[in-house]
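Content type mmCIF, C-alpha atoms; chains and numbers go by the auth columns, from the file structure_24.cif:
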```cif
data_protein
loop_
_atom_site.group_PDB
_atom_site.id
_atom_site.type_symbol
_atom_site.label_atom_id
_atom_site.label_comp_id
_atom_site.label_asym_id
_atom_site.label_seq_id
_atom_site.Cartn_x
_atom_site.Cartn_y
_atom_site.Cartn_z
_atom_site.B_iso_or_equiv
_atom_site.auth_seq_id
_atom_site.auth_asym_id
ATOM 1 C CA MET A 1 -39.431 222.089 -74.648 0.00 206 Q
ATOM 2 C CA THR A 2 -35.910 222.126 -76.097 0.00 207 Q
ATOM 3 C CA ALA A 3 -33.021 220.529 -74.311 0.00 208 Q
ATOM 4 C CA LEU A 4 -29.970 222.652 -73.654 0.00 209 Q
ATOM 5 C CA HIS A 5 -26.585 221.498 -74.829 0.00 210 Q
ATOM 6 C CA PRO A 6 -24.428 220.416 -71.845 0.00 211 Q
ATOM 7 C CA SER A 7 -21.823 223.076 -72.617 0.00 212 Q
ATOM 8 C CA ALA A 8 -24.493 225.798 -72.592 0.00 213 Q
ATOM 9 C CA THR A 9 -25.295 225.311 -68.909 0.00 214 Q
ATOM 10 C CA PRO A 10 -23.222 227.350 -66.442 0.00 215 Q
ATOM 11 C CA HIS A 11 -20.719 225.486 -64.319 0.00 216 Q
ATOM 12 C CA SER A 12 -21.650 225.168 -60.678 0.00 217 Q
ATOM 13 C CA ASP A 13 -18.211 226.228 -59.436 0.00 218 Q
ATOM 14 C CA SER A 14 -17.839 229.348 -61.605 0.00 219 Q
ATOM 15 C CA ARG A 15 -19.312 232.201 -59.636 0.00 220 Q
ATOM 16 C CA PRO A 16 -18.768 235.808 -60.745 0.00 221 Q
ATOM 17 C CA ASP A 17 -18.703 237.032 -57.122 0.00 222 Q
ATOM 18 C CA ARG A 18 -15.623 234.945 -56.274 0.00 223 Q
ATOM 19 C CA PRO A 19 -12.385 236.360 -57.725 0.00 224 Q
ATOM 20 C CA HIS A 20 -9.789 233.943 -59.029 0.00 225 Q
ATOM 21 C CA PRO A 21 -6.471 233.956 -57.200 0.00 226 Q
ATOM 22 C CA LEU A 22 -3.701 235.814 -59.005 0.00 227 Q
ATOM 23 C CA ARG A 23 -1.119 233.328 -60.209 0.00 228 Q
ATOM 24 C CA HIS A 24 2.205 234.262 -61.705 0.00 229 Q
ATOM 25 C CA PRO A 25 3.375 231.876 -64.454 0.00 230 Q
ATOM 26 C CA HIS A 26 7.048 231.972 -63.441 0.00 231 Q
ATOM 27 C CA PRO A 27 7.889 231.044 -59.846 0.00 232 Q
ATOM 28 C CA GLY A 28 10.476 233.259 -58.240 0.00 233 Q
ATOM 29 C CA VAL A 29 9.615 236.288 -60.388 0.00 234 Q
ATOM 30 C CA GLN A 30 8.036 239.223 -58.634 0.00 235 Q
ATOM 31 C CA PRO A 31 4.498 240.028 -59.843 0.00 236 Q
ATOM 32 C CA CYS A 32 3.848 243.444 -61.334 0.00 237 Q
ATOM 33 C CA ARG A 33 2.864 246.215 -58.955 0.00 238 Q
ATOM 34 C CA GLN A 34 0.023 248.617 -59.549 0.00 239 Q
ATOM 35 C CA PRO A 35 1.201 252.141 -60.372 0.00 240 Q
ATOM 36 C CA ALA A 36 0.820 254.834 -57.711 0.00 241 Q
ATOM 37 C CA GLY A 37 -2.312 256.929 -57.882 0.00 242 Q
ATOM 38 C CA GLY A 38 -4.380 254.173 -59.541 0.00 243 Q
ATOM 39 C CA ARG A 39 -3.418 255.316 -63.056 0.00 244 Q
ATOM 40 C CA GLN A 40 -2.982 252.774 -65.819 0.00 245 Q
ATOM 41 C CA PRO A 41 0.484 252.668 -67.402 0.00 246 Q
ATOM 42 C CA ARG A 42 0.928 253.841 -70.997 0.00 247 Q
ATOM 43 C CA HIS A 43 2.845 250.710 -71.919 0.00 248 Q
ATOM 44 C CA PRO A 44 1.943 247.224 -70.598 0.00 249 Q
ATOM 45 C CA ARG A 45 5.467 246.640 -69.304 0.00 250 Q
ATOM 46 C CA ALA A 46 5.484 249.943 -67.433 0.00 251 Q
ATOM 47 C CA ALA A 47 3.544 248.288 -64.597 0.00 252 Q
ATOM 48 C CA CYS A 48 6.485 245.908 -64.122 0.00 253 Q
ATOM 49 C CA ALA A 49 9.056 248.712 -63.987 0.00 254 Q
ATOM 50 C CA GLY A 50 9.612 248.120 -60.273 0.00 255 Q
ATOM 51 C CA ALA A 51 10.241 244.404 -60.769 0.00 256 Q
ATOM 52 C CA THR A 52 12.667 244.924 -63.661 0.00 257 Q
ATOM 53 C CA ALA A 53 14.318 248.139 -62.616 0.00 258 Q
ATOM 54 C CA PRO A 54 17.450 249.070 -64.536 0.00 259 Q
ATOM 55 C CA GLY A 55 20.369 247.090 -63.256 0.00 260 Q
ATOM 56 C CA THR A 56 18.341 244.368 -61.521 0.00 261 Q
ATOM 57 C CA ALA A 57 19.327 241.462 -63.773 0.00 262 Q
ATOM 58 C CA ALA A 58 22.799 242.839 -64.388 0.00 263 Q
ATOM 59 C CA THR A 59 23.664 242.917 -60.684 0.00 264 Q
ATOM 60 C CA ASP A 60 21.904 239.685 -59.664 0.00 265 Q
ATOM 61 C CA PRO A 61 23.911 236.703 -60.975 0.00 266 Q
ATOM 62 C CA GLY A 62 20.887 234.357 -60.856 0.00 267 Q
ATOM 63 C CA LEU A 63 18.652 236.586 -62.942 0.00 268 Q
ATOM 64 C CA ARG A 64 21.517 237.455 -65.270 0.00 269 Q
ATOM 65 C CA ALA A 65 22.346 233.783 -65.862 0.00 270 Q
ATOM 66 C CA GLY A 66 18.726 232.980 -66.711 0.00 271 Q
ATOM 67 C CA LEU A 67 18.465 235.918 -69.087 0.00 272 Q
ATOM 68 C CA THR A 68 21.689 235.165 -70.930 0.00 273 Q
ATOM 69 C CA THR A 69 21.036 231.407 -71.102 0.00 274 Q
ATOM 70 C CA ARG A 70 17.565 231.854 -72.618 0.00 275 Q
ATOM 71 C CA PHE A 71 18.815 234.370 -75.147 0.00 276 Q
ATOM 72 C CA ALA A 72 21.838 232.208 -76.036 0.00 277 Q
ATOM 73 C CA HIS A 73 19.566 229.259 -76.846 0.00 278 Q
ATOM 74 C CA GLN A 74 17.335 231.410 -79.047 0.00 279 Q
ATOM 75 C CA LEU A 75 20.319 233.020 -80.755 0.00 280 Q
ATOM 76 C CA VAL A 76 21.967 229.685 -81.560 0.00 281 Q
ATOM 77 C CA GLU A 77 18.675 228.338 -82.926 0.00 282 Q
ATOM 78 C CA VAL A 78 18.589 231.299 -85.327 0.00 283 Q
ATOM 79 C CA LEU A 79 22.233 230.860 -86.334 0.00 284 Q
ATOM 80 C CA VAL A 80 21.831 227.151 -87.148 0.00 285 Q
ATOM 81 C CA GLY A 81 18.608 227.766 -89.085 0.00 286 Q
ATOM 82 C CA ALA A 82 16.155 226.113 -86.672 0.00 287 Q
ATOM 83 C CA ARG A 83 14.373 229.416 -85.939 0.00 288 Q
ATOM 84 C CA PRO A 84 13.650 232.364 -88.258 0.00 289 Q
ATOM 85 C CA SER A 85 15.713 235.460 -87.477 0.00 290 Q
ATOM 86 C CA GLY A 86 12.581 237.624 -87.466 0.00 291 Q
ATOM 87 C CA GLN A 87 11.586 236.093 -84.129 0.00 292 Q
ATOM 88 C CA LEU A 88 14.480 237.918 -82.469 0.00 293 Q
ATOM 89 C CA MET A 89 13.792 241.239 -84.185 0.00 294 Q
ATOM 90 C CA ARG A 90 12.021 242.807 -81.203 0.00 295 Q
ATOM 91 C CA HIS A 91 14.798 241.609 -78.902 0.00 296 Q
ATOM 92 C CA THR A 92 17.608 243.229 -80.897 0.00 297 Q
ATOM 93 C CA SER A 93 18.629 246.780 -81.716 0.00 298 Q
ATOM 94 C CA LEU A 94 18.963 247.839 -85.340 0.00 299 Q
ATOM 95 C CA ASP A 95 22.751 247.334 -85.308 0.00 300 Q
ATOM 96 C CA GLY A 96 22.429 244.011 -83.483 0.00 301 Q
ATOM 97 C CA TYR A 97 19.862 242.717 -85.957 0.00 302 Q
ATOM 98 C CA GLY A 98 22.084 243.753 -88.871 0.00 303 Q
ATOM 99 C CA GLN A 99 24.968 241.764 -87.385 0.00 304 Q
ATOM 100 C CA LEU A 100 22.698 238.786 -86.754 0.00 305 Q
ATOM 101 C CA ALA A 101 21.286 238.873 -90.305 0.00 306 Q
ATOM 102 C CA SER A 102 24.773 238.970 -91.827 0.00 307 Q
ATOM 103 C CA LEU A 103 25.845 235.978 -89.689 0.00 308 Q
ATOM 104 C CA VAL A 104 22.761 234.045 -90.816 0.00 309 Q
ATOM 105 C CA ARG A 105 23.423 234.900 -94.485 0.00 310 Q
ATOM 106 C CA ALA A 106 27.065 233.836 -94.161 0.00 311 Q
ATOM 107 C CA GLY A 107 25.992 230.551 -92.519 0.00 312 Q
ATOM 108 C CA ALA A 108 28.271 231.049 -89.529 0.00 313 Q
ATOM 109 C CA LEU A 109 27.008 227.944 -87.688 0.00 314 Q
ATOM 110 C CA ARG A 110 25.618 225.845 -90.559 0.00 315 Q
ATOM 111 C CA ARG A 111 28.842 224.030 -91.414 0.00 316 Q
ATOM 112 C CA GLY A 112 28.227 221.355 -88.780 0.00 317 Q
ATOM 113 C CA GLY A 113 26.132 219.073 -90.974 0.00 318 Q
ATOM 114 C CA ALA A 114 23.023 217.431 -89.559 0.00 319 Q
ATOM 115 C CA ALA A 115 24.284 217.394 -85.968 0.00 320 Q
ATOM 116 C CA ARG A 116 22.183 219.150 -83.363 0.00 321 Q
ATOM 117 C CA PRO A 117 23.937 222.026 -81.621 0.00 322 Q
ATOM 118 C CA ARG A 118 25.040 221.449 -78.040 0.00 323 Q
ATOM 119 C CA LEU A 119 25.578 224.544 -75.924 0.00 324 Q
ATOM 120 C CA GLY A 120 28.189 224.692 -73.238 0.00 325 Q
ATOM 121 C CA PRO A 121 27.821 226.846 -70.144 0.00 326 Q
ATOM 122 C CA VAL A 122 27.062 230.505 -70.796 0.00 327 Q
ATOM 123 C CA HIS A 123 29.743 232.798 -69.392 0.00 328 Q
ATOM 124 C CA ASP A 124 28.544 236.319 -68.664 0.00 329 Q
ATOM 125 C CA ARG A 125 29.713 239.487 -66.995 0.00 330 Q
ATOM 126 C CA SER A 126 28.230 242.875 -66.368 0.00 331 Q
ATOM 127 C CA PRO A 127 30.462 245.793 -67.375 0.00 332 Q
ATOM 128 C CA SER A 128 27.786 248.263 -66.225 0.00 333 Q
ATOM 129 C CA PRO A 129 24.414 248.030 -64.409 0.00 334 Q
ATOM 130 C CA ASP A 130 22.471 248.255 -67.672 0.00 335 Q
ATOM 131 C CA ALA A 131 24.583 245.889 -69.827 0.00 336 Q
ATOM 132 C CA VAL A 132 25.493 242.209 -69.889 0.00 337 Q
ATOM 133 C CA GLU A 133 28.098 240.581 -72.134 0.00 338 Q
ATOM 134 C CA ALA A 134 28.024 236.828 -72.626 0.00 339 Q
ATOM 135 C CA CYS A 135 29.643 234.059 -74.645 0.00 340 Q
ATOM 136 C CA VAL A 136 28.845 230.395 -75.164 0.00 341 Q
ATOM 137 C CA ARG A 137 30.603 227.471 -76.800 0.00 342 Q
ATOM 138 C CA VAL A 138 28.503 225.669 -79.407 0.00 343 Q
ATOM 139 C CA ASP A 139 29.409 222.114 -80.455 0.00 344 Q
ATOM 140 C CA LEU A 140 28.183 221.086 -83.911 0.00 345 Q
ATOM 141 C CA GLY A 141 29.364 217.548 -84.528 0.00 346 Q
ATOM 142 C CA SER A 142 33.150 217.613 -84.543 0.00 347 Q
ATOM 143 C CA ARG A 143 33.327 221.421 -84.928 0.00 348 Q
ATOM 144 C CA HIS A 144 33.271 223.956 -82.115 0.00 349 Q
ATOM 145 C CA HIS A 145 32.131 227.565 -82.400 0.00 350 Q
ATOM 146 C CA MET A 146 31.966 230.531 -80.049 0.00 351 Q
ATOM 147 C CA VAL A 147 29.029 232.928 -79.965 0.00 352 Q
ATOM 148 C CA ALA A 148 29.286 236.222 -78.095 0.00 353 Q
ATOM 149 C CA PHE A 149 26.584 238.834 -77.584 0.00 354 Q
ATOM 150 C CA ARG A 150 25.816 241.972 -75.609 0.00 355 Q
ATOM 151 C CA LEU A 151 22.457 242.764 -73.995 0.00 356 Q
ATOM 152 C CA GLU A 152 21.536 246.282 -72.893 0.00 357 Q
ATOM 153 C CA LEU A 153 18.517 247.785 -71.186 0.00 358 Q
ATOM 154 C CA ARG A 154 16.775 249.968 -73.752 0.00 359 Q
ATOM 155 C CA GLY A 155 13.651 252.073 -74.026 0.00 360 Q
ATOM 156 C CA PRO A 156 11.242 253.478 -71.469 0.00 361 Q
ATOM 157 C CA ALA A 157 9.978 249.999 -70.549 0.00 362 Q
ATOM 158 C CA GLY A 158 13.487 248.783 -69.701 0.00 363 Q
ATOM 159 C CA GLN A 159 13.508 245.884 -72.170 0.00 364 Q
ATOM 160 C CA TRP A 160 16.722 243.908 -72.674 0.00 365 Q
ATOM 161 C CA GLN A 161 17.896 244.117 -76.286 0.00 366 Q
ATOM 162 C CA CYS A 162 20.825 242.507 -78.039 0.00 367 Q
ATOM 163 C CA THR A 163 23.083 245.246 -79.390 0.00 368 Q
ATOM 164 C CA ALA A 164 25.990 243.148 -80.708 0.00 369 Q
ATOM 165 C CA VAL A 165 26.479 239.567 -81.942 0.00 370 Q
ATOM 166 C CA GLU A 166 29.605 237.761 -83.036 0.00 371 Q
ATOM 167 C CA ALA A 167 30.191 234.115 -84.001 0.00 372 Q
ATOM 168 C CA ARG A 168 33.383 232.275 -84.931 0.00 373 Q
#
```
Translate this structure into structure tokens?
Amino acid sequence: MTALHPSATPHSDSRPDRPHPLRHPHPGVQPCRQPAGGRQPRHPRAACAGATAPGTAATDPGLRAGLTTRFAHQLVEVLVGARPSGQLMRHTSLDGYGQLASLVRAGALRRGGAARPRLGPVHDRSPSPDAVEACVRVDLGSRHHMVAFRLELRGPAGQWQCTAVEAR
């Protein structure tokens, strides 16, 4: 008789008849709703269309602040060379990516030496329900820079994309 490896035996607490509770990885974010009629959405984000309806983040200051702060951190990491610019490609429009690539080539935020960038508070406003404009002060050693960007809701899935970037 051959002995089974301990990892080959089924766990006593894993039963297929008991469903696992649905957990959402981000507290405070509404879980996706099932589409009406039981149909599957064409795009994976289409199921979340109700939770991220156009204008939701732009009109809610809490959601807008979280969105702009996360994107500002990622954008500054790209501009200082800590993150490859290709990682933001899906989050930018064609024009926005062109502006970002030219800023990276020009080394807009690389003149600070070896100092780590420190971001100030992100200031944002919403000129329309489907757009957010933001700016942030970036301290690199003894030098200070400003980075401004515009996010717009784009596409059928309602994804936020950066359409303009400027750094000085």
**Message:** Going by the chain IDs and residue numbers used in this file, which residues fall under the PyMOL selection byres ((chain Q and resi 323-325) around 12)? Write them as an MDAnalysis selection string.
**Reply:** chainID Q and resid 274:282 285 314 317 320:322 326:328 340:352
**Request:** Using CA of Ser290 (chain Q) and CA of Ala311 (chain Q) as the two end points, give the distance in Å to one decimal.
**Result:**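 We find that CA of Ser290 (chain Q) and CA of Ala311 (chain Q) lie 13.3 Å from each other.
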Residues of region 278-325 of chain Q that have any atom at most 7 Å from an atom of region 364-368 of chain Q: could you tabulate them with the shortest-distance atom pair and the distance in Å to one decimal, using only C-alpha atoms, ordered by chain and increasing number, as a tab-separated table?
```
residue	atom	partner	partner_atom	distance
Q:His296	CA	Q:Gln366	CA	4.8
Q:Thr297	CA	Q:Cys367	CA	4.4
Q:Ser298	CA	Q:Thr368	CA	5.3
Q:Asp300	CA	Q:Thr368	CA	6.3
Q:Gly301	CA	Q:Thr368	CA	4.3
```
**Item:** One-decimal distance in Å that lies between CA of Ala353 (chain Q) and CA of Arg310 (chain Q)
**Value:**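 Separation between CA of Arg310 (chain Q) and CA of Ala353 (chain Q): 17.5 Å.
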Coordinates of box centre and edge lengths for region 268-279 of chain Q, 3 Å on every side, axis-aligned, as lines of an AutoDock Vina configuration file:
```
center_x = 19.8
center_y = 233.4
center_z = -71.0
size_x = 11.0
size_y = 14.2
size_z = 22.1
```
**Asked** For Phe354 (chain Q), which residue out of Q:Gly267, Q:Val370, Q:Leu272, Q:Val309 is the nearest one, using all atoms listed in the file?
**Response** Q:Val370
**Request:** Find the distance between CA of Glu371 (chain Q) and CA of Gly271 (chain Q) and write it in Å to one decimal.
**Result:**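 Answer for the CA of Glu371 (chain Q) to CA of Gly271 (chain Q) separation: 20.2 Å.
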**Prompt:** Out of Q:Arg295, Q:Arg288, Q:Arg373, Q:Arg355, which residue has the shortest atom-to-atom distance to Ser331 (chain Q) when counting all atoms listed in the file?
**Reply:** Q:Arg355
**Message:** Between Q:Leu308, Q:Ala369, Q:Ala313, Q:Glu357, which residue has the minimum interatomic distance to Pro332 (chain Q), considering only C-alpha atoms?
**Reply:**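 Nearest candidate to Pro332 (chain Q) out of Q:Leu308, Q:Ala369, Q:Ala313, Q:Glu357: Q:Glu357.
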